[in-house]
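Asker: File name protein_7.txt; file contents compact mmCIF, C-alpha atoms; full text below.
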```
# COMPACT_ATOMS: atom_id res chain seq x y z
CA MET Y 6 173.03 -1.91 80.12
CA ARG Y 7 170.00 -0.66 78.19
CA ALA Y 8 167.55 -3.54 77.54
CA TRP Y 9 166.37 -6.30 79.85
CA LEU Y 10 164.41 -9.28 78.54
CA ILE Y 11 162.00 -10.79 81.07
CA ALA Y 12 160.30 -14.02 80.00
CA PRO Y 13 158.62 -17.00 81.70
CA ALA Y 14 161.12 -19.50 83.08
CA LEU Y 15 159.16 -22.23 81.28
CA ASN Y 16 159.79 -20.59 77.86
CA ALA Y 17 163.49 -21.30 77.55
CA ASP Y 18 163.45 -20.76 73.77
CA ARG Y 19 163.09 -17.00 74.27
CA PHE Y 20 166.43 -16.80 76.01
CA GLU Y 21 168.29 -18.17 73.03
CA LYS Y 22 166.71 -15.36 71.01
CA ALA Y 23 167.83 -12.87 73.66
CA ARG Y 24 171.46 -13.62 72.83
CA SER Y 25 171.02 -12.97 69.12
CA TYR Y 26 168.88 -9.83 69.63
CA GLY Y 27 171.44 -8.23 71.94
CA ALA Y 28 169.70 -8.10 75.34
CA ASP Y 29 172.03 -6.83 78.05
CA VAL Y 30 170.20 -8.82 80.76
CA ALA Y 31 167.94 -11.87 80.45
CA LEU Y 32 165.74 -12.74 83.41
CA ALA Y 33 163.82 -16.00 83.84
CA ASP Y 34 160.54 -15.16 85.54
CA LEU Y 35 159.33 -17.40 88.37
CA GLU Y 36 156.51 -15.07 89.43
CA ASP Y 37 153.45 -13.74 87.58
CA SER Y 38 154.00 -15.57 84.29
CA VAL Y 39 154.12 -18.99 85.97
CA ALA Y 40 150.94 -20.68 87.24
CA PRO Y 41 151.05 -21.98 90.84
CA ALA Y 42 150.97 -25.60 89.67
CA ASP Y 43 154.06 -25.00 87.49
CA LYS Y 44 156.27 -23.22 90.00
CA ALA Y 45 158.40 -26.28 90.85
CA THR Y 46 158.99 -27.04 87.16
CA ALA Y 47 159.93 -23.40 86.56
CA ARG Y 48 162.54 -23.53 89.31
CA ALA Y 49 164.17 -26.56 87.68
CA THR Y 50 164.12 -24.89 84.26
CA ALA Y 51 165.63 -21.72 85.71
CA ALA Y 52 168.56 -23.71 87.11
CA ARG Y 53 169.39 -24.90 83.58
CA PHE Y 54 168.92 -21.41 82.16
CA LEU Y 55 171.62 -19.98 84.44
CA HIS Y 56 174.37 -22.07 82.81
CA PRO Y 57 176.61 -19.45 81.13
CA ALA Y 58 177.13 -19.64 77.39
CA ALA Y 59 180.61 -20.24 76.05
CA ASP Y 60 180.46 -17.03 74.01
CA GLY Y 61 179.37 -14.80 76.89
CA GLY Y 62 176.03 -13.15 76.17
CA PRO Y 63 173.68 -11.24 78.48
CA THR Y 64 173.90 -11.19 82.24
CA LEU Y 65 171.56 -13.92 83.49
CA GLY Y 66 169.18 -13.55 86.41
CA LEU Y 67 165.85 -14.42 87.93
CA ARG Y 68 162.66 -12.69 88.98
CA VAL Y 69 161.66 -14.58 92.10
CA ASN Y 70 158.35 -14.55 93.91
CA THR Y 71 158.09 -12.11 96.80
CA PRO Y 72 159.96 -13.49 99.84
CA LEU Y 73 156.82 -12.83 101.91
CA THR Y 74 155.13 -15.85 100.27
CA ALA Y 75 155.74 -19.59 100.44
CA ASP Y 76 156.73 -19.68 96.78
CA GLY Y 77 159.24 -16.91 97.37
CA ILE Y 78 160.81 -18.84 100.22
CA ARG Y 79 160.96 -21.95 98.01
CA ASP Y 80 162.60 -19.91 95.24
CA LEU Y 81 165.36 -18.67 97.53
CA ALA Y 82 165.97 -22.14 98.96
CA ALA Y 83 166.18 -23.61 95.46
CA ILE Y 84 168.62 -20.96 94.24
CA THR Y 85 171.07 -21.77 97.01
CA GLY Y 86 171.38 -25.26 95.51
CA TYR Y 87 171.93 -24.16 91.89
CA THR Y 88 175.28 -24.99 90.30
CA HIS Y 89 175.37 -21.53 88.71
CA GLN Y 90 174.10 -18.55 90.67
CA PRO Y 91 172.10 -15.67 89.13
CA GLY Y 92 173.98 -12.46 88.45
CA ILE Y 93 170.83 -10.44 89.12
CA VAL Y 94 167.79 -11.15 91.29
CA LEU Y 95 164.66 -9.06 90.78
CA VAL Y 96 162.38 -8.98 93.83
CA PRO Y 97 158.71 -8.16 93.13
CA LYS Y 98 156.28 -6.15 95.23
CA VAL Y 99 159.01 -4.64 97.39
CA GLU Y 100 157.56 -2.31 100.01
CA SER Y 101 160.41 -2.05 102.53
CA ALA Y 102 164.19 -2.20 102.74
CA ARG Y 103 163.72 -5.36 104.78
CA ASP Y 104 162.49 -7.23 101.68
CA ILE Y 105 165.89 -6.65 100.06
CA GLU Y 106 167.75 -7.62 103.22
CA VAL Y 107 165.86 -10.93 103.44
CA VAL Y 108 166.86 -11.88 99.89
CA ALA Y 109 170.47 -10.85 100.46
CA GLY Y 110 170.58 -12.81 103.71
CA ALA Y 111 169.36 -15.95 101.94
CA LEU Y 112 171.57 -15.73 98.84
CA ASP Y 113 174.80 -13.92 99.75
CA THR Y 114 177.85 -16.14 100.27
CA ASP Y 115 181.59 -15.57 100.50
CA GLN Y 116 181.86 -16.61 96.85
CA HIS Y 117 178.91 -14.78 95.31
CA ALA Y 118 176.45 -11.97 95.99
CA PRO Y 119 173.85 -11.24 93.29
CA VAL Y 120 172.90 -7.71 92.33
CA ILE Y 121 169.43 -7.24 93.84
CA TYR Y 122 166.84 -5.04 92.13
CA ALA Y 123 163.52 -3.99 93.66
CA LEU Y 124 160.39 -4.12 91.53
CA ILE Y 125 158.35 -1.06 92.54
CA GLU Y 126 154.75 -1.79 91.59
CA THR Y 127 152.40 -0.78 94.41
CA PRO Y 128 151.15 2.57 95.71
CA ARG Y 129 152.62 1.77 99.13
CA ALA Y 130 156.03 1.17 97.53
CA ILE Y 131 155.90 4.58 95.84
CA ASP Y 132 155.15 6.21 99.20
CA ARG Y 133 157.97 4.30 100.90
CA LEU Y 134 160.65 4.74 98.25
CA PRO Y 135 162.86 7.04 100.39
CA ALA Y 136 163.15 4.24 102.96
CA ILE Y 137 163.44 1.41 100.41
CA VAL Y 138 166.47 2.94 98.70
CA THR Y 139 168.40 2.91 101.99
CA ALA Y 140 168.81 -0.88 101.74
CA ASP Y 141 172.55 -1.60 101.64
CA ARG Y 142 172.27 -4.38 99.05
CA LEU Y 143 169.89 -2.62 96.69
CA GLY Y 144 171.35 -2.42 93.19
CA GLY Y 145 168.53 -0.65 91.36
CA LEU Y 146 164.80 -0.04 90.90
CA LEU Y 147 162.44 -1.34 88.23
CA PHE Y 148 159.04 0.28 87.79
CA GLY Y 149 156.12 -2.16 87.40
CA ALA Y 150 153.43 -0.29 85.49
CA ALA Y 151 150.90 -3.12 85.11
CA ASP Y 152 150.46 -3.92 88.80
CA TYR Y 153 150.61 -0.27 89.82
CA ALA Y 154 147.86 0.67 87.35
CA ALA Y 155 145.71 -2.26 88.44
CA LEU Y 156 146.03 -1.37 92.13
CA THR Y 157 145.34 2.35 91.69
CA GLY Y 158 142.72 1.99 88.96
CA CYS Y 159 144.59 4.43 86.72
CA ALA Y 160 145.06 4.06 82.99
CA ARG Y 161 148.27 2.46 81.75
CA THR Y 162 149.23 5.57 79.82
CA TRP Y 163 152.29 7.79 80.07
CA GLU Y 164 150.34 10.70 81.58
CA ALA Y 165 148.54 8.57 84.18
CA LEU Y 166 151.78 6.91 85.32
CA LEU Y 167 154.00 9.98 85.20
CA TYR Y 168 153.88 10.61 88.97
CA ALA Y 169 154.93 7.06 89.83
CA ARG Y 170 157.63 6.99 87.15
CA SER Y 171 159.01 10.32 88.37
CA ALA Y 172 159.13 9.04 91.95
CA VAL Y 173 161.09 5.95 90.89
CA ALA Y 174 163.56 7.96 88.80
CA ASN Y 175 164.00 10.59 91.52
CA ASN Y 176 164.63 8.14 94.35
CA ALA Y 177 167.00 6.06 92.23
CA GLY Y 178 168.92 9.25 91.50
CA THR Y 179 169.01 10.10 95.20
CA ALA Y 180 170.52 6.70 95.98
CA GLY Y 181 172.87 6.72 92.98
CA ILE Y 182 171.43 3.50 91.55
CA PRO Y 183 169.92 2.80 88.10
CA ALA Y 184 166.21 3.12 87.37
CA ILE Y 185 164.66 0.70 84.87
CA ASP Y 186 161.38 1.53 83.16
CA SER Y 187 158.46 -0.86 82.92
CA PRO Y 188 158.13 -3.06 79.83
CA TYR Y 189 155.84 -1.95 77.02
CA PHE Y 190 153.23 -4.68 76.74
CA ASP Y 191 152.04 -4.19 73.15
CA VAL Y 192 154.64 -6.40 71.48
CA GLN Y 193 153.46 -5.34 68.01
CA GLY Y 194 153.53 -1.59 68.75
CA LEU Y 195 157.20 -0.85 68.14
CA GLU Y 196 156.61 2.82 67.39
CA GLY Y 197 154.75 3.25 70.68
CA LEU Y 198 157.61 1.44 72.41
CA ARG Y 199 160.14 3.80 70.84
CA ARG Y 200 158.23 6.90 72.02
CA GLU Y 201 157.84 5.53 75.55
CA ALA Y 202 161.50 4.49 75.77
CA GLU Y 203 162.66 7.95 74.66
CA ARG Y 204 160.38 9.58 77.23
CA ALA Y 205 161.68 7.28 79.95
CA ARG Y 206 165.26 8.14 79.10
CA ALA Y 207 164.40 11.85 79.18
CA LEU Y 208 162.83 11.36 82.63
CA GLY Y 209 166.02 9.83 84.01
CA PHE Y 210 165.66 6.09 83.46
CA GLN Y 211 168.80 4.30 82.28
CA LEU Y 212 167.19 1.10 81.05
CA LYS Y 213 163.87 -0.44 79.99
CA GLY Y 214 162.41 -3.90 80.33
CA ALA Y 215 161.30 -5.98 77.34
CA VAL Y 216 158.75 -8.79 77.19
CA HIS Y 217 159.65 -9.97 73.67
CA PRO Y 218 162.99 -10.20 71.82
CA ARG Y 219 161.74 -8.01 68.95
CA GLN Y 220 161.56 -5.08 71.39
CA ILE Y 221 165.25 -5.20 72.26
CA PRO Y 222 166.71 -3.37 69.23
CA VAL Y 223 164.18 -0.54 69.65
CA ILE Y 224 165.03 -0.12 73.34
CA THR Y 225 168.76 -0.34 72.71
CA GLN Y 226 168.57 2.39 70.09
CA ALA Y 227 166.42 4.66 72.28
CA PHE Y 228 168.89 4.46 75.15
CA THR Y 229 172.00 4.92 72.99
CA PRO Y 230 173.14 8.55 72.55
CA SER Y 231 172.87 9.84 68.99
CA GLU Y 232 175.90 11.17 67.15
CA ASP Y 233 174.56 14.71 67.60
CA GLU Y 234 174.09 14.17 71.33
CA VAL Y 235 177.63 12.82 71.69
CA ALA Y 236 179.11 15.72 69.70
CA ALA Y 237 177.23 18.26 71.82
CA ALA Y 238 178.29 16.52 75.02
CA GLN Y 239 181.94 16.44 73.94
CA ALA Y 240 181.81 20.19 73.26
CA VAL Y 241 180.40 20.85 76.74
CA VAL Y 242 183.05 18.64 78.39
CA ALA Y 243 185.85 20.37 76.49
CA ALA Y 244 184.53 23.82 77.42
CA GLY Y 245 184.15 22.77 81.04
CA HIS Y 246 187.76 21.61 81.22
CA GLN Y 247 188.98 24.86 79.74
CA ALA Y 248 186.91 26.86 82.22
CA SER Y 249 188.41 24.93 85.18
CA ALA Y 250 185.02 24.33 86.86
CA ALA Y 251 183.84 27.89 86.31
CA VAL Y 252 180.68 28.82 84.44
CA THR Y 253 181.19 29.21 80.68
CA THR Y 254 179.12 29.23 77.50
CA VAL Y 255 178.74 26.71 74.66
CA GLY Y 256 176.73 27.62 71.59
CA GLY Y 257 175.28 30.64 73.38
CA GLN Y 258 174.07 28.63 76.38
CA MET Y 259 175.44 28.97 79.89
CA VAL Y 260 177.19 25.82 81.12
CA GLY Y 261 178.22 25.06 84.69
CA PRO Y 262 179.59 22.03 86.56
CA PRO Y 263 176.26 20.12 86.73
CA LEU Y 264 175.83 20.31 82.94
CA VAL Y 265 179.45 19.31 82.43
CA ALA Y 266 178.93 16.26 84.64
CA ALA Y 267 175.79 15.32 82.69
CA ALA Y 268 177.67 15.70 79.41
CA GLN Y 269 180.51 13.57 80.72
CA ALA Y 270 177.99 10.82 81.49
CA VAL Y 271 176.76 10.93 77.89
CA VAL Y 272 180.34 10.66 76.61
CA HIS Y 273 181.00 7.68 78.87
CA GLN Y 274 177.76 6.01 77.81
CA ALA Y 275 178.62 6.46 74.15
CA ALA Y 276 182.10 5.02 74.71
CA ALA Y 277 180.52 1.91 76.27
CA SER Y 278 178.01 1.48 73.42
CA PRO Y 279 178.83 -0.48 70.24
CA ALA Y 280 177.96 2.59 68.15
CA SER Y 281 176.05 5.82 68.56
CA ARG Y 282 172.81 6.43 66.70
CA SER Y 283 172.90 8.61 63.63
```
How does the structure come out when it is put into structure tokens?

Answerer:
Amino acid sequence: MRAWLIAPALNADRFEKARSYGADVALADLEDSVAPADKATARATAARFLHPAADGGPTLGLRVNTPLTADGIRDLAAITGYTHQPGIVLVPKVESARDIEVVAGALDTDQHAPVIYALIETPRAIDRLPAIVTADRLGGLLFGAADYAALTGCARTWEALLYARSAVANNAGTAGIPAIDSPYFDVQGLEGLRREAERARALGFQLKGAVHPRQIPVITQAFTPSEDEVAAAQAVVAAGHQASAAVTTVGGQMVGPPLVAAAQAVVHQAAASPASRS
């Protein structure tokens, strides 16, 4: 997975576009993008959205309201009655492992258990990440730049958010779960999106959120290894196998087991992608 589309549950037309633009995950949002008076309508719309398409398509999921609120409790209760269950549930404003456990306790059954992602978007969550990632049912972390910047008063720039992004990527790596970068909110600024996506990938993020279908191809390309990257990784893997886990050199650079493992991950990622970038 490389690109997630997150759109208001009331805007069902965007999800049809998600299929044609190649989103890996499409999430119907029940939280910030839905006014309080429209929450009940959004829950009904989300139930229809979760019906799988005959031709497959992206993994379908929901961003619920925080389970510490009445709307969050109503979301979880409604989901248990849906004909089709979400493959992914994104929980906002997570600040403890208990938040994940509450959602899992409400939604897990013998037949289905959604993959639960924590939306990390508060200063307290950044401080508590080492404890949050111990939650047994946690499937990944998503960084929420907008709320974090609003709460800290920092600018929503790469430099200002670098500490928080690094903390999310580091703790996800510690737990062995994927880290997803925040969406880029300027839907017209595709070049800015490309630069930010490439930086996020370099920092250790595996995926990036999108708020508009036109962003998906840019994100997908940024998170797909280029042909040069794949060729270099294949050379490192081959040299590592020949060296039998010892340190060796490739192109004049010293290569040991950690670099071989990283190269192997690139090779696997390329094999799972439709095509590498040129």

Asker: Name all residues at most 12 Å from Pro41 (chain Y) (count all atoms listed in the file; drop same-chain ones fewer than 4 positions away) and give them as a list in words.

Answerer: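 Contacts, in chain order: Leu35, Glu36, Asp37, Ala45, Thr46, Ala47, Arg48, Asn70, Thr74, Ala75, Asp76 and Gly77 of chain Y.
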
Asker: List the neighbours of Arg103 (chain Y) out to 9 Å using all atoms listed in the file; skip same-chain residues closer than 5 positions along the sequence, and give me the result as a PyMOL selection string.

Answerer: chain Y and resi 108+137+140

Asker: Find, counting all atoms listed in the file, the residue in Y:Asp60, Y:Asp186, Y:Glu164, Y:Asp80 that gets nearest to Leu124 (chain Y).

Answerer: Y:Asp186

Asker: Which residue is closest to Ile131 (chain Y)? Choose from Y:Ala169, Y:Ile105, Y:Ala58, Y:Asp113 and count all atoms listed in the file.

Answerer: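 Ranking Y:Ala169, Y:Ile105, Y:Ala58, Y:Asp113 by distance to Ile131 (chain Y), first place goes to Y:Ala169.
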
Asker: Excluding Val99 (chain Y) and residues on its chain fewer than 6 positions from it, collect all residues at most 12 Å away from it, counting all atoms listed in the file, and give them as a PDB file with C-alpha atoms, in the frame of the given file.

Answerer:
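What landed in result.pdb:
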```pdb
ATOM      1  CA  VAL Y  69     161.660 -14.580  92.100  1.00  0.00           C
ATOM      2  CA  ASN Y  70     158.350 -14.550  93.910  1.00  0.00           C
ATOM      3  CA  THR Y  71     158.090 -12.110  96.800  1.00  0.00           C
ATOM      4  CA  PRO Y  72     159.960 -13.490  99.840  1.00  0.00           C
ATOM      5  CA  LEU Y  73     156.820 -12.830 101.910  1.00  0.00           C
ATOM      6  CA  ILE Y 105     165.890  -6.650 100.060  1.00  0.00           C
ATOM      7  CA  GLU Y 106     167.750  -7.620 103.220  1.00  0.00           C
ATOM      8  CA  VAL Y 107     165.860 -10.930 103.440  1.00  0.00           C
ATOM      9  CA  VAL Y 108     166.860 -11.880  99.890  1.00  0.00           C
ATOM     10  CA  ILE Y 121     169.430  -7.240  93.840  1.00  0.00           C
ATOM     11  CA  TYR Y 122     166.840  -5.040  92.130  1.00  0.00           C
ATOM     12  CA  ALA Y 123     163.520  -3.990  93.660  1.00  0.00           C
ATOM     13  CA  LEU Y 124     160.390  -4.120  91.530  1.00  0.00           C
ATOM     14  CA  ILE Y 125     158.350  -1.060  92.540  1.00  0.00           C
ATOM     15  CA  GLU Y 126     154.750  -1.790  91.590  1.00  0.00           C
ATOM     16  CA  THR Y 127     152.400  -0.780  94.410  1.00  0.00           C
ATOM     17  CA  PRO Y 128     151.150   2.570  95.710  1.00  0.00           C
ATOM     18  CA  ARG Y 129     152.620   1.770  99.130  1.00  0.00           C
ATOM     19  CA  ALA Y 130     156.030   1.170  97.530  1.00  0.00           C
ATOM     20  CA  ILE Y 131     155.900   4.580  95.840  1.00  0.00           C
ATOM     21  CA  ASP Y 132     155.150   6.210  99.200  1.00  0.00           C
ATOM     22  CA  ARG Y 133     157.970   4.300 100.900  1.00  0.00           C
ATOM     23  CA  LEU Y 134     160.650   4.740  98.250  1.00  0.00           C
ATOM     24  CA  ALA Y 136     163.150   4.240 102.960  1.00  0.00           C
ATOM     25  CA  ILE Y 137     163.440   1.410 100.410  1.00  0.00           C
ATOM     26  CA  VAL Y 138     166.470   2.940  98.700  1.00  0.00           C
ATOM     27  CA  ALA Y 140     168.810  -0.880 101.740  1.00  0.00           C
ATOM     28  CA  LEU Y 143     169.890  -2.620  96.690  1.00  0.00           C
ATOM     29  CA  GLY Y 145     168.530  -0.650  91.360  1.00  0.00           C
ATOM     30  CA  LEU Y 146     164.800  -0.040  90.900  1.00  0.00           C
ATOM     31  CA  LEU Y 147     162.440  -1.340  88.230  1.00  0.00           C
ATOM     32  CA  PHE Y 148     159.040   0.280  87.790  1.00  0.00           C
ATOM     33  CA  GLY Y 149     156.120  -2.160  87.400  1.00  0.00           C
TER      34      GLY Y 149
END
```

Asker: Figure out the distance between CA of Val94 (chain Y) and CA of Val120 (chain Y), please, to one decimal in Å.

Answerer: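 Separation between CA of Val120 (chain Y) and CA of Val94 (chain Y): 6.2 Å.
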
Asker: When distances are computed from all atoms listed in the file, which of Y:Ile93, Y:Ala52, Y:Ala83, Y:Ala174 shows the smallest separation from Leu32 (chain Y)?

Answerer: Y:Ile93
